[in-house]
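Novice: Compact mmCIF, C-alpha atoms, saved as target02.txt, coming up:
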# COMPACT_ATOMS: atom_id res chain seq x y z
CA MET A 1 66.12 139.24 234.32
CA THR A 2 68.24 139.25 237.45
CA VAL A 3 70.36 142.05 236.04
CA THR A 4 67.22 144.08 235.36
CA ILE A 5 66.08 143.66 238.97
CA ILE A 6 69.54 144.63 240.22
CA ASN A 7 69.48 147.74 238.03
CA PHE A 8 66.05 148.62 239.37
CA ILE A 9 67.15 148.25 243.01
CA LEU A 10 70.29 150.32 242.37
CA LEU A 11 68.23 153.06 240.74
CA CYS A 12 65.88 153.09 243.75
CA LEU A 13 68.89 153.41 246.08
CA LEU A 14 70.22 156.26 243.94
CA PHE A 15 66.85 157.97 244.22
CA VAL A 16 66.89 157.66 248.01
CA ALA A 17 70.45 159.01 248.14
CA ALA A 18 69.56 161.96 245.90
CA LEU A 19 66.57 162.83 248.10
CA ALA A 20 68.79 162.62 251.18
CA ILE A 21 71.39 164.94 249.61
CA ASN A 22 68.62 167.38 248.80
CA GLN A 23 67.29 167.32 252.37
CA GLN A 24 70.66 167.70 254.09
CA ARG A 25 71.35 171.13 255.59
CA ASN A 26 74.73 170.04 256.94
CA LEU A 27 77.10 170.43 254.01
CA PHE A 28 79.64 167.94 255.32
CA ALA A 29 76.99 165.22 255.47
CA ALA A 30 75.83 166.21 251.99
CA SER A 31 79.33 165.86 250.54
CA MET A 32 79.73 162.44 252.16
CA LEU A 33 76.37 161.44 250.64
CA THR A 34 77.53 162.56 247.19
CA GLY A 35 80.48 160.19 247.64
CA ILE A 36 78.03 157.40 248.44
CA TYR A 37 75.93 158.39 245.42
CA SER A 38 78.99 158.15 243.18
CA LEU A 39 79.88 154.69 244.46
CA MET A 40 76.37 153.39 243.84
CA CYS A 41 76.38 155.08 240.43
CA ALA A 42 79.62 153.23 239.66
CA SER A 43 77.94 149.96 240.59
CA LEU A 44 75.10 150.77 238.21
CA PHE A 45 77.58 151.55 235.41
CA VAL A 46 79.26 148.18 235.99
CA CYS A 47 75.85 146.51 235.64
CA LEU A 48 75.38 148.38 232.34
CA ASP A 49 78.73 147.02 231.07
CA ALA A 50 80.45 150.43 231.12
CA VAL A 51 83.31 149.38 233.35
CA ASP A 52 85.61 152.21 232.29
CA VAL A 53 82.95 154.87 232.98
CA ALA A 54 82.27 153.24 236.34
CA PHE A 55 85.95 153.39 237.14
CA THR A 56 86.15 157.10 236.37
CA GLU A 57 83.00 157.72 238.39
CA ALA A 58 84.45 155.94 241.43
CA ALA A 59 87.83 157.68 241.23
CA VAL A 60 86.60 161.18 240.41
CA GLY A 61 83.16 161.20 242.02
CA ALA A 62 83.89 159.36 245.24
CA GLY A 63 87.53 160.35 245.60
CA ILE A 64 88.57 163.65 244.09
CA ALA A 65 85.18 165.42 244.14
CA THR A 66 84.70 164.62 247.84
CA ILE A 67 88.13 166.04 248.62
CA LEU A 68 87.37 169.18 246.59
CA PHE A 69 84.04 169.59 248.43
CA LEU A 70 85.82 169.28 251.76
CA GLY A 71 88.48 171.76 250.63
CA THR A 72 85.77 174.25 249.77
CA LEU A 73 83.91 173.62 253.03
CA ALA A 74 87.10 174.25 254.98
CA LEU A 75 87.06 177.77 253.52
CA THR A 76 83.32 178.47 253.71
CA GLY A 77 81.92 176.63 256.74
CA PHE A 78 79.84 173.52 257.23
CA GLU A 79 76.30 174.86 257.46
CA GLU A 80 74.05 176.00 254.67
CA LYS A 81 73.22 179.66 255.26
CA THR A 82 70.35 180.43 252.92
CA GLU A 83 66.81 179.49 253.77
CA VAL A 84 64.91 177.09 251.58
CA LYS A 85 62.12 178.65 249.55
CA VAL A 86 59.79 176.85 247.20
CA SER A 87 59.65 178.71 243.90
CA ILE A 88 56.55 177.83 241.89
CA PRO A 89 57.79 179.11 238.46
CA GLY A 90 61.03 177.19 238.98
CA LEU A 91 59.10 174.02 239.75
CA ILE A 92 56.99 174.47 236.61
CA ILE A 93 60.08 174.96 234.42
CA VAL A 94 61.76 171.90 235.93
CA LEU A 95 58.63 169.79 235.38
CA ILE A 96 58.30 170.94 231.76
CA THR A 97 61.98 170.27 231.03
CA GLY A 98 61.78 166.88 232.72
CA GLY A 99 58.67 166.01 230.75
CA LEU A 100 60.37 166.99 227.49
CA LEU A 101 63.40 164.87 228.35
CA ILE A 102 61.22 161.85 229.15
CA TYR A 103 59.32 162.44 225.88
CA GLY A 104 62.66 162.52 224.04
CA LEU A 105 63.67 159.25 225.67
CA GLN A 106 61.11 157.42 223.54
CA ASP A 107 63.35 157.83 220.49
CA ILE A 108 66.36 156.26 222.16
CA PRO A 109 67.03 152.68 220.98
CA LEU A 110 66.77 149.86 223.50
CA PHE A 111 69.76 149.01 225.66
CA GLY A 112 72.03 146.57 223.79
CA ASP A 113 70.07 146.82 220.53
CA ALA A 114 72.33 145.58 217.69
CA ASN A 115 70.73 147.69 214.94
CA THR A 116 71.45 151.15 216.34
CA PRO A 117 73.63 153.60 214.38
CA VAL A 118 76.26 153.29 217.10
CA GLN A 119 76.68 149.59 216.36
CA THR A 120 76.32 149.69 212.59
CA TYR A 121 77.97 152.94 211.47
CA LEU A 122 81.67 152.87 212.38
CA ALA A 123 82.09 150.00 214.81
CA GLY A 124 82.53 147.44 212.03
CA LYS A 125 85.23 149.49 210.34
CA TYR A 126 87.11 149.91 213.60
CA ILE A 127 86.93 146.20 214.34
CA ASP A 128 88.03 145.21 210.82
CA ASP A 129 90.70 147.78 210.06
CA SER A 130 92.26 149.04 213.28
CA ALA A 131 94.67 146.11 213.50
CA THR A 132 96.20 146.96 210.11
CA GLU A 133 95.77 150.76 210.16
CA ILE A 134 96.95 151.51 213.69
CA ALA A 135 98.68 148.26 214.66
CA VAL A 136 97.75 148.59 218.32
CA PRO A 137 96.41 145.30 219.71
CA ASN A 138 93.83 146.98 221.99
CA LEU A 139 90.84 148.25 220.02
CA VAL A 140 89.78 150.85 222.60
CA THR A 141 93.29 152.27 222.80
CA SER A 142 93.54 152.60 219.03
CA ILE A 143 90.23 154.48 218.88
CA LEU A 144 90.98 156.79 221.81
CA ALA A 145 94.59 157.56 220.98
CA SER A 146 94.52 157.55 217.19
CA TYR A 147 91.11 157.78 215.47
CA ARG A 148 89.92 160.23 218.10
CA GLY A 149 93.35 161.50 219.07
CA TYR A 150 92.57 165.23 218.80
CA ASP A 151 89.34 164.73 220.72
CA THR A 152 91.13 162.96 223.56
CA PHE A 153 93.86 165.59 223.56
CA GLY A 154 91.23 168.36 223.86
CA GLU A 155 89.45 166.56 226.70
CA THR A 156 92.69 166.10 228.58
CA THR A 157 93.51 169.78 228.15
CA VAL A 158 90.09 170.82 229.44
CA ILE A 159 90.38 168.58 232.51
CA PHE A 160 93.93 169.76 233.17
CA THR A 161 92.85 173.42 232.93
CA ALA A 162 89.90 172.79 235.23
CA GLY A 163 92.18 171.11 237.76
CA ILE A 164 94.63 174.01 237.74
CA GLY A 165 91.75 176.49 238.11
CA VAL A 166 90.34 174.67 241.13
CA LEU A 167 93.75 174.43 242.74
CA MET A 168 94.32 178.16 242.24
CA LEU A 169 90.90 178.95 243.72
CA LEU A 170 91.43 176.79 246.78
CA GLY A 171 95.00 177.91 247.34
CA ARG A 172 97.33 176.09 249.66
CA GLY A 173 97.04 178.09 252.91
CA GLY A 174 100.35 178.27 254.74
CA LYS A 175 99.12 178.48 258.32
CA LYS A 176 98.33 175.51 260.49
CA LYS A 177 94.63 175.51 261.27
CA LYS A 178 92.61 173.87 264.00
CA GLY A 179 91.68 170.30 263.12
CA LEU A 180 88.59 170.43 260.95
CA LEU A 181 87.19 167.30 262.54
CA ASP A 182 86.73 169.10 265.89
CA GLU A 183 85.03 171.98 264.12
CA ALA A 184 82.62 169.69 262.27
CA GLU A 185 81.87 167.82 265.49
CA GLU A 186 80.97 171.06 267.24
CA LYS A 187 78.70 172.06 264.38
CA GLN A 188 76.94 168.71 264.34
CA SER A 189 76.31 168.36 268.06
CA MET B 1 73.33 131.24 244.73
CA PHE B 2 75.22 134.27 243.40
CA GLU B 3 71.83 135.83 242.78
CA VAL B 4 70.80 135.62 246.43
CA ALA B 5 74.21 136.87 247.53
CA THR B 6 73.91 139.87 245.20
CA TYR B 7 70.50 140.76 246.61
CA MET B 8 71.94 140.53 250.11
CA ILE B 9 74.77 142.84 249.07
CA LEU B 10 72.23 145.32 247.69
CA PHE B 11 70.38 145.17 250.99
CA ALA B 12 73.65 145.84 252.82
CA MET B 13 74.13 148.82 250.48
CA PHE B 14 70.73 150.10 251.57
CA LEU B 15 71.66 149.69 255.24
CA ALA B 16 74.91 151.61 254.72
CA LEU B 17 72.95 154.37 253.00
CA VAL B 18 70.53 154.53 255.94
CA SER B 19 73.41 154.71 258.39
CA ALA B 20 74.88 157.58 256.38
CA ILE B 21 71.57 159.45 256.41
CA ILE B 22 70.58 159.02 260.06
CA GLY B 23 74.09 158.77 261.55
CA LYS B 24 74.69 161.61 264.01
CA SER B 25 78.46 162.09 264.17
CA VAL B 26 81.04 162.89 261.51
CA TYR B 27 82.61 159.47 262.01
CA ASP B 28 79.34 157.74 261.15
CA LYS B 29 79.31 159.46 257.77
CA ILE B 30 82.96 158.72 256.98
CA LEU B 31 82.50 155.12 258.08
CA ALA B 32 79.38 154.80 255.94
CA VAL B 33 81.31 155.97 252.85
CA ASN B 34 84.06 153.48 253.62
CA ILE B 35 81.58 150.63 254.18
CA LEU B 36 79.79 151.47 250.96
CA GLY B 37 83.12 151.38 249.11
CA THR B 38 83.79 147.90 250.49
CA ILE B 39 80.27 146.79 249.55
CA THR B 40 80.87 148.12 246.03
CA VAL B 41 84.01 145.96 245.79
CA LEU B 42 82.01 142.90 246.87
CA PHE B 43 79.16 143.80 244.54
CA ILE B 44 81.42 144.09 241.48
CA ALA B 45 83.14 140.80 242.31
CA LEU B 46 79.80 139.03 242.77
CA PHE B 47 78.33 140.62 239.67
CA GLY B 48 81.29 139.26 237.70
CA PHE B 49 80.50 135.71 238.84
CA LEU B 50 76.77 136.26 238.35
CA THR B 51 77.24 137.19 234.69
CA GLU B 52 80.00 134.56 234.29
CA ARG B 53 82.82 137.03 233.82
CA PRO B 54 85.17 136.31 236.74
CA GLU B 55 87.74 138.75 235.34
CA PHE B 56 85.72 141.49 237.09
CA LEU B 57 87.68 140.41 240.19
CA ASP B 58 90.63 142.51 238.98
CA ILE B 59 88.42 145.58 238.69
CA ALA B 60 87.07 144.93 242.18
CA LEU B 61 90.64 144.84 243.49
CA VAL B 62 91.38 148.28 242.03
CA TYR B 63 88.17 149.60 243.63
CA ALA B 64 89.49 148.39 246.96
CA LEU B 65 92.63 150.50 246.39
CA ILE B 66 90.60 153.59 245.42
CA ASN B 67 88.39 153.15 248.46
CA PHE B 68 91.35 152.94 250.79
CA ILE B 69 93.06 155.99 249.28
CA ALA B 70 89.84 158.05 249.38
CA THR B 71 89.23 157.28 253.04
CA VAL B 72 92.81 158.10 253.99
CA ALA B 73 92.58 161.35 252.00
CA ILE B 74 89.35 162.43 253.72
CA LEU B 75 90.70 161.67 257.18
CA LYS B 76 94.01 163.36 256.39
CA PHE B 77 92.14 166.39 255.19
CA PHE B 78 90.31 166.57 258.50
CA GLU B 79 93.45 166.17 260.51
CA TYR B 80 95.48 168.84 258.73
CA GLY B 81 92.93 171.07 257.01
CA ASP B 82 94.59 170.40 253.64
CA MET B 83 96.44 167.59 251.92
CA GLY B 84 99.62 168.13 253.95
CA ARG B 85 102.55 170.52 253.69
CA SER B 86 106.27 170.17 253.14
CA SER B 87 107.80 168.34 256.04
CA HIS B 88 110.30 170.96 257.22
CA LEU B 89 107.54 173.11 258.75
CA ASN B 90 106.62 170.85 261.62
CA GLU B 91 106.89 167.25 262.65
CA ASP B 92 103.36 165.93 262.35
CA SER B 93 102.72 166.91 258.73
CA ASP B 94 103.84 164.64 255.99
CA ILE B 95 104.11 164.44 252.18
Please go through the file and, once you have read it, give me the structure as structure tokens.

Specialist:
Amino acid sequence: MTVTIINFILLCLLFVAALAINQQRNLFAASMLTGIYSLMCASLFVCLDAVDVAFTEAAVGAGIATILFLGTLALTGFEEKTEVKVSIPGLIIVLITGGLLIYGLQDIPLFGDANTPVQTYLAGKYIDDSATEIAVPNLVTSILASYRGYDTFGETTVIFTAGIGVLMLLGRGGKKKKGLLDEAEEKQS
Amino acid sequence: MFEVATYMILFAMFLALVSAIIGKSVYDKILAVNILGTITVLFIALFGFLTERPEFLDIALVYALINFIATVAILKFFEYGDMGRSSHLNEDSDI
């Protein structure tokens, strides 16, 4: 029960943070708020027993993504240029899509339900056989590195390629620039 | 007891979020991110004890490291405009 209440409070905080990100016109503040959003998201993942996902969220979302945002802002400037317009057809499409997604949620099994296909289909085989087939003591490692080896290899390649692409886009800039902190201060005040 | 402490931590999380939203200067925002990272560390540690899995303490420790590195990286980025250059260019850049 307590965990449910904690999840609820965390989701409310996430909602507030998302609204704040949406309202921010200062892009530096928005990127800091996305860092905060990631940290709270990581807390929620820990509550849902997905510690590894939470860890990735904290490292990538709060750490690397924030740095990438700041790197982009250093090249583009700290204020949002375009004016905000409310587009009625866009709102309708978003509402319809959201409604469909919520409708689809009804088919999803309950959290922690033991009779879902995820729990009954392959999990038993992994638990029974991985010690003899793969001979790696850690079950997760044997699944990631052997049963799903090609999958993991592909994911790593995609992430590596994306990283190289971002680095090439941002460049390294040889010249010494004025401290960005002063610039952001001027913009904010 | 852990329950009450966890709720207090969640409230502190809310306060940090508010300070990030209404804070005026750049430093307020950076500090809010750092505070929220620390609160996350505390939250994970407490949550471990709440659900009777004290081994979450190790995970909380690694979050502390990530938090520290992220804050240093953000500040460094502001100081130099990038993540630093090779050190033979001038004195005050490192890496």

Novice: With all atoms listed in the file counted, which protein, DNA or RNA residues have an atom no more than 12 Å from (71.5, 136.4, 246.8) in the file frame? Please answer as a list in words.

Specialist: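 Nearby residues: Thr2, Ile5 and Ile6 of chain A; Met1, Phe2, Glu3, Val4, Ala5, Thr6, Tyr7, Met8, Ile9, Leu10, Phe11, Ala12, Phe43, Leu46, Phe47 and Leu50 of chain B.
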
Novice: Can you tell me which residues surround Ile39 (chain B) at a distance of at most 10 Å, considering all atoms listed in the file, apart from same-chain residues fewer than 3 positions away, and format the answer as a PyMOL selection string?

Specialist: (chain A and resi 39-40+43) or (chain B and resi 9-10+12-13+16+33-36+42-45+64)

Novice: Write a file of the selected residues as a PDB file, keeping the file's coordinate frame, keeping C-alpha atoms.

Specialist:
ATOM      1  CA  LEU A  39      79.880 154.690 244.460  1.00  0.00           C
ATOM      2  CA  MET A  40      76.370 153.390 243.840  1.00  0.00           C
ATOM      3  CA  SER A  43      77.940 149.960 240.590  1.00  0.00           C
TER       4      SER A  43
ATOM      5  CA  ILE B   9      74.770 142.840 249.070  1.00  0.00           C
ATOM      6  CA  LEU B  10      72.230 145.320 247.690  1.00  0.00           C
ATOM      7  CA  ALA B  12      73.650 145.840 252.820  1.00  0.00           C
ATOM      8  CA  MET B  13      74.130 148.820 250.480  1.00  0.00           C
ATOM      9  CA  ALA B  16      74.910 151.610 254.720  1.00  0.00           C
ATOM     10  CA  VAL B  33      81.310 155.970 252.850  1.00  0.00           C
ATOM     11  CA  ASN B  34      84.060 153.480 253.620  1.00  0.00           C
ATOM     12  CA  ILE B  35      81.580 150.630 254.180  1.00  0.00           C
ATOM     13  CA  LEU B  36      79.790 151.470 250.960  1.00  0.00           C
ATOM     14  CA  LEU B  42      82.010 142.900 246.870  1.00  0.00           C
ATOM     15  CA  PHE B  43      79.160 143.800 244.540  1.00  0.00           C
ATOM     16  CA  ILE B  44      81.420 144.090 241.480  1.00  0.00           C
ATOM     17  CA  ALA B  45      83.140 140.800 242.310  1.00  0.00           C
ATOM     18  CA  ALA B  64      89.490 148.390 246.960  1.00  0.00           C
TER      19      ALA B  64
END

Novice: For CA of Tyr121 (chain A) and CA of Asp52 (chain A), quote the distance in Å rounded to one decimal.

Specialist: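 Calculated distance between CA of Tyr121 (chain A) and CA of Asp52 (chain A) is 22.2 Å.
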
Novice: Pick out the residues sitting within 10 Å of Tyr63 (chain B), and hand them over as an NGL selection string; count all atoms listed in the file, and ignore anything fewer than 2 positions along from it in its own chain.

Specialist: (:A and (39 or 55 or 58-59)) or (:B and (37-38 or 40-42 or 44 or 57-61 or 65-69))

Novice: Atoms to include: C-alpha atoms. Write the selected residues as a PDB file, in the frame of the given file.

Specialist:
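Output below, filename selection.pdb:
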ATOM      1  CA  LEU A  39      79.880 154.690 244.460  1.00  0.00           C
ATOM      2  CA  PHE A  55      85.950 153.390 237.140  1.00  0.00           C
ATOM      3  CA  ALA A  58      84.450 155.940 241.430  1.00  0.00           C
ATOM      4  CA  ALA A  59      87.830 157.680 241.230  1.00  0.00           C
TER       5      ALA A  59
ATOM      6  CA  GLY B  37      83.120 151.380 249.110  1.00  0.00           C
ATOM      7  CA  THR B  38      83.790 147.900 250.490  1.00  0.00           C
ATOM      8  CA  THR B  40      80.870 148.120 246.030  1.00  0.00           C
ATOM      9  CA  VAL B  41      84.010 145.960 245.790  1.00  0.00           C
ATOM     10  CA  LEU B  42      82.010 142.900 246.870  1.00  0.00           C
ATOM     11  CA  ILE B  44      81.420 144.090 241.480  1.00  0.00           C
ATOM     12  CA  LEU B  57      87.680 140.410 240.190  1.00  0.00           C
ATOM     13  CA  ASP B  58      90.630 142.510 238.980  1.00  0.00           C
ATOM     14  CA  ILE B  59      88.420 145.580 238.690  1.00  0.00           C
ATOM     15  CA  ALA B  60      87.070 144.930 242.180  1.00  0.00           C
ATOM     16  CA  LEU B  61      90.640 144.840 243.490  1.00  0.00           C
ATOM     17  CA  LEU B  65      92.630 150.500 246.390  1.00  0.00           C
ATOM     18  CA  ILE B  66      90.600 153.590 245.420  1.00  0.00           C
ATOM     19  CA  ASN B  67      88.390 153.150 248.460  1.00  0.00           C
ATOM     20  CA  PHE B  68      91.350 152.940 250.790  1.00  0.00           C
ATOM     21  CA  ILE B  69      93.060 155.990 249.280  1.00  0.00           C
TER      22      ILE B  69
END

Novice: Please measure the separation of CA of Leu144 (chain A) and CA of Gln119 (chain A), giving the value in Å to one decimal.

Specialist: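 A separation of 16.9 Å between them.
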
Novice: Taking all atoms listed in the file into account, name the residue in A:Leu27, A:Ala20, A:Ile36, A:Ile159 that is nearest to Lys81 (chain A).

Specialist: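 Ranking A:Leu27, A:Ala20, A:Ile36, A:Ile159 by distance to Lys81 (chain A), first place goes to A:Leu27.
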
Novice: Point out the residue among A:Met1, A:Gly63, A:Ser38, A:Pro89 with the least atom-to-atom distance to chain B, counting all atoms listed in the file.

Specialist: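 Selected residue with least distance to chain B: A:Gly63.
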
Novice: I need the residue nearest chain A from this list: B:Val18, B:Ala70, B:Lys76, B:Leu31. Use all atoms listed in the file for the distance.

Specialist: B:Ala70

Novice: One number please: CA of Asp49 (chain A) to CA of Leu139 (chain A), in Å, one decimal.

Specialist: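 Between CA of Asp49 (chain A) and CA of Leu139 (chain A) the gap works out to 16.4 Å.
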
Novice: Could you pull the residues within 12 Å of Tyr37 (chain A), counting only C-alpha atoms, minus those fewer than 2 positions along the same chain, as a PyMOL selection string?

Specialist: (chain A and resi 10-21+30-35+39-44+57-58+61-63+65-66) or (chain B and resi 13-14+16-17+20-21+32-33+36-37+40)

Novice: From the list B:Glu55, B:Val72, B:Lys29, B:Ser19, which residue is nearest chain A when using only C-alpha atoms?

Specialist: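 Smallest distance to chain A is found for B:Lys29.
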
Novice: So, counting only C-alpha atoms, which residue among A:Phe8, A:Ala74, A:Ala54, A:Ala123 is closest to chain B?

Specialist: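 Answer, going by the shortest atom-to-atom distance: A:Ala74.
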
Novice: Determine the nearest neighbour of chain B from the options A:Leu170, A:Val86, A:Leu122, A:Ile108, counting all atoms listed in the file.

Specialist: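 Distance minimum relative to chain B lands on A:Leu170.
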
Novice: Do a neighbour search on Ile127 (chain A) at 12 Å with only C-alpha atoms, toss out local chain neighbours closer than 5 positions, and write the hits as a list in words.

Specialist: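 Residues near the query, excluding close chain neighbours: Gln119, Thr120, Tyr121, Leu122, Thr132, Glu133, Ile134, Ala135, Val136, Pro137, Asn138, Leu139, Val140, Ser142 and Ile143 of chain A.
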